Protein chains: 4
Amino acid sequence: MAAGRNGDDALIIVMRPDATPGDLDQVVQRLTDIGAEAHVSVGQRRTVVGAIGDRTQIQQLPWEAFPGVERAVPVLTSYKFVSRDFQAEDSVVEVGGVPIGAGAFTMIAGPCAVESRDQLFASAAAVKAAGASILRGDAFKPRTSPYAFQGLGKQGLDLLAEARERFGLPFVAEVLDPRHVELIAGYADLIRIGTRNMSNYTLLAELGRQPKPVMLKRGFTATIDEWLNAAEYIYKEGNHQIVLCERGIRTFETQTRNTLDISAVPVVQALSHLPVMVDPSHSGGRRWLVSPLTLAAVAVGAAGAIIDVHPAPETALVDGPQAILPGEFAELMGQVRAVVAALRR
Amino acid sequence: MAAGRNGDDALIIVMRPDATPGDLDQVVQRLTDIGAEAHVSVGQRRTVVGAIGDRTQIQQLPWEAFPGVERAVPVLTSYKFVSRDFQAEDSVVEVGGVPIGAGAFTMIAGPCAVESRDQLFASAAAVKAAGASILRGDAFKPRTSPYAFQGLGKQGLDLLAEARERFGLPFVAEVLDPRHVELIAGYADLIRIGTRNMSNYTLLAELGRQPKPVMLKRGFTATIDEWLNAAEYIYKEGNHQIVLCERGIRTFETQTRNTLDISAVPVVQALSHLPVMVDPSHSGGRRWLVSPLTLAAVAVGAAGAIIDVHPAPETALVDGPQAILPGEFAELMGQVRAVVAALRR
Amino acid sequence: MAAGRNGDDALIIVMRPDATPGDLDQVVQRLTDIGAEAHVSVGQRRTVVGAIGDRTQIQQLPWEAFPGVERAVPVLTSYKFVSRDFQAEDSVVEVGGVPIGAGAFTMIAGPCAVESRDQLFASAAAVKAAGASILRGDAFKPRTSPYAFQGLGKQGLDLLAEARERFGLPFVAEVLDPRHVELIAGYADLIRIGTRNMSNYTLLAELGRQPKPVMLKRGFTATIDEWLNAAEYIYKEGNHQIVLCERGIRTFETQTRNTLDISAVPVVQALSHLPVMVDPSHSGGRRWLVSPLTLAAVAVGAAGAIIDVHPAPETALVDGPQAILPGEFAELMGQVRAVVAALRR
Amino acid sequence: MAAGRNGDDALIIVMRPDATPGDLDQVVQRLTDIGAEAHVSVGQRRTVVGAIGDRTQIQQLPWEAFPGVERAVPVLTSYKFVSRDFQAEDSVVEVGGVPIGAGAFTMIAGPCAVESRDQLFASAAAVKAAGASILRGDAFKPRTSPYAFQGLGKQGLDLLAEARERFGLPFVAEVLDPRHVELIAGYADLIRIGTRNMSNYTLLAELGRQPKPVMLKRGFTATIDEWLNAAEYIYKEGNHQIVLCERGIRTFETQTRNTLDISAVPVVQALSHLPVMVDPSHSGGRRWLVSPLTLAAVAVGAAGAIIDVHPAPETALVDGPQAILPGEFAELMGQVRAVVAALRR
């Protein structure tokens, strides 16, 4: 990798009021040793060192463990390839012939979990008719309680593949275990990393080494910076087909399952070239929130949405309270098209 | 106040596994004493008491301090008058002839703080021309640092009144001190309680006893339940003209000043009859976030937005980084109208 | 105020990759205009400006609103007088003859709210006997619900004054309204600003202009930086007798009422010369958490604790679930003394 | 598994004000179908159903997706075996001959990551001399940035085994990948699941199926309830040797790396029979916070602490800013012993 690719980084090192000249020298010497420039600003009470150089080198040193150092403030990000600095134009990710990030609003819909052939096909038929372009449905489910339904496994993947043929919809499915990556990559058009696995670096690296596109959901407790670093784990292994998906963060508010961070969409668009979608179903956790939050996602400029649609939510084995009915989905699709047209997106 | 007004409440009292029959009797007896019904459900390991009765009475007792009680789980809310249970139809609040909550999307715009006659008038002329219907501009500012600009005071109110005459725009201004309520109520068409004062019950009660409509911003660390309780403080003193305004909450994310809780709009609409607006300027804290967040507010169904517009943000004494320029505001108004039309709101 | 008192400040201004030389010039020019030094570091992709000068001047300018500026990162704090930079030695606050911050662990105890003469006196007698040195008891209570008990008012202050005489205990009481400051200052030995009013700048300034010592509780959603800025509001008006009190912050965890931020004690001690106490009762919200959290406060090095003690918690009008019984308090005091002795504090 | 083992559960189902009698019948019928009891409480405005029965059955149904249901409030927890309800007496976990949870305060110490033989041995010799009973040191490190040091792998485990022999200290090491479980279990005396993997259910289950004791760190964004559910994943696979470790949670406060939730110690002790330790190094993220936070952990009643000790923190490849020096550790051990003696723990 060429040095130029890394660009350069800036770190601000603030010395303590009681730091000695020797402490300052040690910091400056270490910066010089690693080939970085040190810009020293001496004030009345504080001395500040601006370090400019290779970010990997600078950020790895434990500056706050040096004598006389009060704080080290990173000025730039620790990810590179997924940043706008590295690539100015938008990335477009193609999923079974459907482009994500090319300007249209891409709708992914279907049941949260595959429960049976009837349930999956009823849902797939409905979302296809209403205009969705990708099917969702999981065969492996991560559950907070070990006693909850954990998915149909391989049988679920077979059903999803059958639905793809029947309805002409590529599909997305979640992976939980690095040992399942090959299996799922053999079936799915888009592999999803769920919110609980966003920091499972083992799994991220494995996804980076296979050819299918990846949807990386934001950890519900991850900062945007951590989320983009997780994307970097996939990208640097060679897989550049990454779609980000905001799905709500954990806050003190309990009226909603999570708090949809709608601002994350324009913020990520400013920081990264990767397309970013929204999951209004898992954010809110309630059926009647799905439509307003989806419309907000369209208006804010997201690349698409992924929505739980279930023919009979009160029988759902997973996340029934947030699934909308096929009729509600069709009505929502009409509103989505109207807002897209109004904003010429 | 008639008993019927309070409706009834439910509280679930969960007994500890080692609670004695005497502990259970004491709880049931106390409920009976205050005129509530006690429904006892005895399970294999836990006994649960459902209490139904007057909420004020039930919620005031310190149930978790009773021997043998593990937890008390409130089932209903502690506010009454501002709830949909109390009034099913939407409230409409009239501000100097402009209705808020009647179906249209109401735009309030202007500078964060009144700094000078020129600055205020340039901003007012621009927002009027672009289609705003209410002017914003503060004469008293709460600042985290005691060394920051605190506002022009009465002189600022005079300028606002002059702008109202000149441009035909009613105006909203913030109140910080209960001793200023009379002064500000003598000028403003809508009095705003800022996010830092949402739990200033002294100020809330004072606003409840004067005739001007009130905009109650959500505390940036308040739950929706606490916010509606704060509105109840105003309502119960006799002032029913209350507009709520979501303005972002404090979370772990630091890319934005606060995290706009866009879901709060439909949630509040489900729980309360009061109109709810959005402040995209203070939520995001960055100029380039204002347009996407405003459009999200329109799409999610908010009653309106309040936006900082400044003729020269780099000279602003308060919150310059989030103010948009008059030209940006005019362009945004065009998009707002397009989305409103698309959704027929 | 002499310039030297302000010390100097550093602000790091990060320019955008597409910033023009003119943008950079404008920033440097503005810094020069206000008498600050500008240290420009030009890197491969980013230019960074270090500004050193008077903090009040530098921090007030809206740098992020300047063309070409990506971010402005403050390096130092915005408060001054309450910082260790301003005064290196610990402040000691004297409350009715009892020093806080002089090395001993000061125990404040009593009922949350004054409910009656009997209740207050029973509590005061018990805490005195067990070794508390200051009495707590409020006459004015801020409540989330407008229908909850709001305190006895002036009658409560009279009872507190009577208890002071009878038991030889100075007392602390909360103030909610700037119009009550004179009244309460006429009675109490220590005036408390509660968590909901930490950002009520009107009230803070009023407390700064009267002679009684002030206990400033941390807002349950305030950062340590905001808390110290709130203390600065009081200090700069002339009242330097300030005791800080950590009382738990709002997090996603719901098993406790709030999350006691025990680390805030050593962090505040590093940043400020003011003494810092802990309120284990309101942090945890449960009786059985009071003893372990109090002992943690002793071990971590707090200047003292403030604890709710009630003779009959199941009849308490406010916060019964967290009040401990007189016998529990006596046992706790024995453990407190043992840990203090073990650590020679 | 016998039904009695599951105990019974309570779920409170709150009907909407506009629920029809048919809606209520459907809920009651479904409860009856799964063998649960339904206790119906009819109030003036709300009807509430208390469901008592097998928790696995009751909690899996999507009650909030039923027509007419407003909310479903779980009253008990979804974990079983790790709860105090299931086992009243404390569990003691033996690690290479060292008991954790038997009353003593167990100290685990050593470097964050194994970097070299010299670094590991210098640290191990120091912590052994000062009185630690278990060594820490990781061979695999999860890092937010893919460009940071990721550990020495198998070579690190060999060094740890050599240190165990040399210093007579059993050791704990982290596992990141389910495919490494067998390798690490062949070496370590205690296997740690780090904070980022607390919800990696695949990894949890794998650890549940091997014989070595497991230390489960709390996810820095996990509730206590989720943490205990994660422990349940391990326990139900057959491995009952589980030590919990609180290590700080993510909050809005940024002065510390995370906010140590000291209250979690007594809360977990009330809910579960598993021993709970504290990690003061990763909570605070700063060297000078380690001693006060460790003493707070002792005083609050934790079963032990795990501390980063490094002979030269300014050269550390991971987390240098929070490592303490051998001399600081020895001094801290003296204070720990004094507080333990004072509280007779």
# chains A, B, ... in the order shown; residues from 1 in each chain; ligands from 1
$ select_by_dssp --residues "segment 16-223 of chain C" --states "helix (DSSP H, G or I)" --output "PyMOL selection string"
chain C and resi 21-33+55-60+63-65+117-130+154-167+178-185+195-197+201-208
$ interface_residues --of "chain C" --to "chain A" --cutoff "12 Å" --atoms "only C-alpha atoms" --output "NGL selection string"
:C and (3-18 or 36-55 or 70-76 or 84-86 or 88 or 220-221 or 249-254 or 257-259 or 270-271)
$ select_by_dssp --residues "segment 116-181 of chain A" --states "strand (DSSP E or B)" --output "PyMOL selection string"
chain A and resi 134-136+138+171-175
$ closest_residue --among "C:Phe149, C:Trp288, C:Tyr235, C:Tyr201" --to "Val214 of chain C" --atoms "only C-alpha atoms"
C:Tyr235
$ residues_around --residues "segment 327-341 of chain B" --least-positions-apart "2" --cutoff "7 Å" --atoms "only C-alpha atoms" --output "count of residues only"
13
$ residues_around --residues "segment 225-233 of chain D" --least-positions-apart "4" --cutoff "8 Å" --atoms "only C-alpha atoms" --output "PyMOL selection string"
(chain A and resi 144-146) or (chain D and resi 77-82+198-199+201+204-205+208+216+218-219+237+242+272)
$ atom_distance --atom1 "atom CA of Asp308 of chain A" --atom2 "atom CA of Thr202 of chain D"
24.3 Å
$ residues_around --residues "Val309 of chain C" --least-positions-apart "2" --cutoff "7 Å" --atoms "only C-alpha atoms" --output "list in words"
Ala109, Gly110, Pro111, Ser123, Ile307, Pro311, Ala323, Ile324, Leu325 and Pro326 of chain C
$ write_last_selection --atoms "N, CA and C atoms" --output "PDB file, in the first residue's frame"
ATOM      1  N   ALA C 109     -27.379  13.723  56.885  1.00  0.00           N
ATOM      2  CA  ALA C 109     -28.462  12.732  56.856  1.00  0.00           C
ATOM      3  C   ALA C 109     -29.740  13.326  57.408  1.00  0.00           C
ATOM      4  N   GLY C 110     -30.841  12.677  57.059  1.00  0.00           N
ATOM      5  CA  GLY C 110     -32.156  13.122  57.497  1.00  0.00           C
ATOM      6  C   GLY C 110     -33.182  12.752  56.454  1.00  0.00           C
ATOM      7  N   PRO C 111     -34.423  13.182  56.655  1.00  0.00           N
ATOM      8  CA  PRO C 111     -35.473  12.795  55.710  1.00  0.00           C
ATOM      9  C   PRO C 111     -35.345  13.558  54.392  1.00  0.00           C
ATOM     10  N   SER C 123     -36.142  11.539  62.982  1.00  0.00           N
ATOM     11  CA  SER C 123     -35.028  11.324  62.074  1.00  0.00           C
ATOM     12  C   SER C 123     -33.778  12.058  62.565  1.00  0.00           C
ATOM     13  N   ILE C 307     -27.495  11.374  52.873  1.00  0.00           N
ATOM     14  CA  ILE C 307     -28.295  10.147  52.893  1.00  0.00           C
ATOM     15  C   ILE C 307     -29.699  10.408  53.432  1.00  0.00           C
ATOM     16  N   PRO C 311     -37.854   7.485  59.618  1.00  0.00           N
ATOM     17  CA  PRO C 311     -38.260   6.534  60.655  1.00  0.00           C
ATOM     18  C   PRO C 311     -39.277   5.500  60.161  1.00  0.00           C
ATOM     19  N   ALA C 323     -35.106   5.482  51.298  1.00  0.00           N
ATOM     20  CA  ALA C 323     -34.724   5.895  52.656  1.00  0.00           C
ATOM     21  C   ALA C 323     -34.339   4.675  53.483  1.00  0.00           C
ATOM     22  N   ILE C 324     -33.281   4.829  54.277  1.00  0.00           N
ATOM     23  CA  ILE C 324     -32.935   3.732  55.174  1.00  0.00           C
ATOM     24  C   ILE C 324     -33.474   4.041  56.566  1.00  0.00           C
ATOM     25  N   LEU C 325     -33.542   2.995  57.403  1.00  0.00           N
ATOM     26  CA  LEU C 325     -34.068   3.137  58.750  1.00  0.00           C
ATOM     27  C   LEU C 325     -32.958   3.639  59.679  1.00  0.00           C
ATOM     28  N   PRO C 326     -33.326   4.262  60.802  1.00  0.00           N
ATOM     29  CA  PRO C 326     -32.313   4.733  61.751  1.00  0.00           C
ATOM     30  C   PRO C 326     -31.326   3.637  62.153  1.00  0.00           C
TER      31      PRO C 326
END
$ residues_around --residues "Gly238 of chain C" --least-positions-apart "6" --cutoff "9 Å" --atoms "only C-alpha atoms" --output "PyMOL selection string"
chain C and resi 208-211
$ write_last_selection --atoms "all heavy atoms" --output "tab-separated table (two decimals), in the first residue's frame"
chain	number	residue	atom	x	y	z
C	208	GLY	N	-25.21	32.95	43.88
C	208	GLY	CA	-23.86	33.50	43.90
C	208	GLY	C	-23.80	34.86	44.58
C	208	GLY	O	-22.74	35.33	44.97
C	209	ARG	N	-24.97	35.49	44.74
C	209	ARG	CA	-25.01	36.85	45.30
C	209	ARG	C	-25.48	36.89	46.74
C	209	ARG	O	-25.81	37.96	47.26
C	209	ARG	CB	-25.94	37.72	44.45
C	209	ARG	CG	-25.43	37.95	43.03
C	209	ARG	CD	-26.29	38.94	42.26
C	209	ARG	NE	-26.22	38.64	40.83
C	209	ARG	CZ	-27.21	38.10	40.12
C	209	ARG	NH1	-28.39	37.85	40.70
C	209	ARG	NH2	-27.06	37.84	38.84
C	210	GLN	N	-25.57	35.76	47.42
C	210	GLN	CA	-25.94	35.73	48.84
C	210	GLN	C	-24.84	35.02	49.60
C	210	GLN	O	-24.00	34.35	49.00
C	210	GLN	CB	-27.33	35.11	49.02
C	210	GLN	CG	-27.51	33.71	48.50
C	210	GLN	CD	-26.91	32.68	49.41
C	210	GLN	OE1	-27.14	32.69	50.60
C	210	GLN	NE2	-26.10	31.80	48.84
C	211	PRO	N	-24.82	35.14	50.93
C	211	PRO	CA	-23.62	34.71	51.66
C	211	PRO	C	-23.56	33.26	52.11
C	211	PRO	O	-22.50	32.81	52.55
C	211	PRO	CB	-23.64	35.62	52.90
C	211	PRO	CG	-25.10	35.89	53.13
C	211	PRO	CD	-25.76	35.90	51.78
$ closest_residue --among "B:Thr106, B:Thr195, B:Gln59, B:Ser263" --to "Ala148 of chain C" --atoms "only C-alpha atoms"
B:Gln59
$ closest_residue --among "A:Phe121, A:His282, A:Val127, A:Ile193" --to "Pro321 of chain A" --atoms "only C-alpha atoms"
A:His282
$ atom_distance --atom1 "atom CA of Val300 of chain C" --atom2 "atom CA of Ala264 of chain C"
9.8 Å
$ residues_around --residues "Glu162 of chain B" --least-positions-apart "6" --cutoff "10 Å" --atoms "only C-alpha atoms" --output "MDAnalysis selection string"
chainID B and resid 117 121 156 168
$ decode --residues "segment 111-130 of chain C" --atoms "N, CA and C atoms" --output "mmCIF file, in the first residue's frame"
data_model
loop_
_atom_site.group_PDB
_atom_site.id
_atom_site.type_symbol
_atom_site.label_atom_id
_atom_site.label_comp_id
_atom_site.auth_asym_id
_atom_site.auth_seq_id
_atom_site.Cartn_x
_atom_site.Cartn_y
_atom_site.Cartn_z
ATOM 1 N N PRO C 111 -34.423 13.182 56.655
ATOM 2 C CA PRO C 111 -35.473 12.795 55.710
ATOM 3 C C PRO C 111 -35.345 13.558 54.392
ATOM 4 N N CYS C 112 -35.846 12.968 53.320
ATOM 5 C CA CYS C 112 -35.834 13.649 52.030
ATOM 6 C C CYS C 112 -36.636 14.944 52.148
ATOM 7 N N ALA C 113 -37.892 14.819 52.557
ATOM 8 C CA ALA C 113 -38.742 16.001 52.738
ATOM 9 C C ALA C 113 -39.188 16.094 54.188
ATOM 10 N N VAL C 114 -39.337 17.324 54.662
ATOM 11 C CA VAL C 114 -39.941 17.527 55.974
ATOM 12 C C VAL C 114 -41.439 17.282 55.819
ATOM 13 N N GLU C 115 -41.963 16.327 56.598
ATOM 14 C CA GLU C 115 -43.385 16.005 56.490
ATOM 15 C C GLU C 115 -44.154 16.448 57.732
ATOM 16 N N SER C 116 -43.507 16.366 58.886
ATOM 17 C CA SER C 116 -44.161 16.746 60.152
ATOM 18 C C SER C 116 -43.075 16.916 61.204
ATOM 19 N N ARG C 117 -43.439 17.541 62.307
ATOM 20 C CA ARG C 117 -42.508 17.731 63.413
ATOM 21 C C ARG C 117 -42.017 16.387 63.938
ATOM 22 N N ASP C 118 -42.946 15.454 64.114
ATOM 23 C CA ASP C 118 -42.565 14.141 64.649
ATOM 24 C C ASP C 118 -41.597 13.421 63.730
ATOM 25 N N GLN C 119 -41.931 13.417 62.445
ATOM 26 C CA GLN C 119 -41.088 12.698 61.492
ATOM 27 C C GLN C 119 -39.696 13.320 61.456
ATOM 28 N N LEU C 120 -39.617 14.655 61.384
ATOM 29 C CA LEU C 120 -38.319 15.320 61.299
ATOM 30 C C LEU C 120 -37.495 15.083 62.568
ATOM 31 N N PHE C 121 -38.149 15.225 63.721
ATOM 32 C CA PHE C 121 -37.395 15.108 64.969
ATOM 33 C C PHE C 121 -36.933 13.672 65.222
ATOM 34 N N ALA C 122 -37.750 12.714 64.891
ATOM 35 C CA ALA C 122 -37.347 11.306 65.055
ATOM 36 C C ALA C 122 -36.119 11.032 64.199
ATOM 37 N N SER C 123 -36.142 11.539 62.982
ATOM 38 C CA SER C 123 -35.028 11.324 62.074
ATOM 39 C C SER C 123 -33.778 12.058 62.565
ATOM 40 N N ALA C 124 -33.961 13.318 62.968
ATOM 41 C CA ALA C 124 -32.817 14.123 63.413
ATOM 42 C C ALA C 124 -32.169 13.524 64.660
ATOM 43 N N ALA C 125 -32.979 13.070 65.585
ATOM 44 C CA ALA C 125 -32.430 12.466 66.811
ATOM 45 C C ALA C 125 -31.598 11.240 66.455
ATOM 46 N N ALA C 126 -32.104 10.450 65.529
ATOM 47 C CA ALA C 126 -31.413 9.208 65.156
ATOM 48 C C ALA C 126 -30.096 9.489 64.445
ATOM 49 N N VAL C 127 -30.091 10.424 63.510
ATOM 50 C CA VAL C 127 -28.851 10.651 62.757
ATOM 51 C C VAL C 127 -27.805 11.344 63.626
ATOM 52 N N LYS C 128 -28.274 12.180 64.550
ATOM 53 C CA LYS C 128 -27.346 12.811 65.485
ATOM 54 C C LYS C 128 -26.678 11.747 66.357
ATOM 55 N N ALA C 129 -27.508 10.865 66.892
ATOM 56 C CA ALA C 129 -26.982 9.822 67.774
ATOM 57 C C ALA C 129 -25.970 8.941 67.050
ATOM 58 N N ALA C 130 -26.198 8.688 65.784
ATOM 59 C CA ALA C 130 -25.315 7.787 65.031
ATOM 60 C C ALA C 130 -24.051 8.488 64.549
#
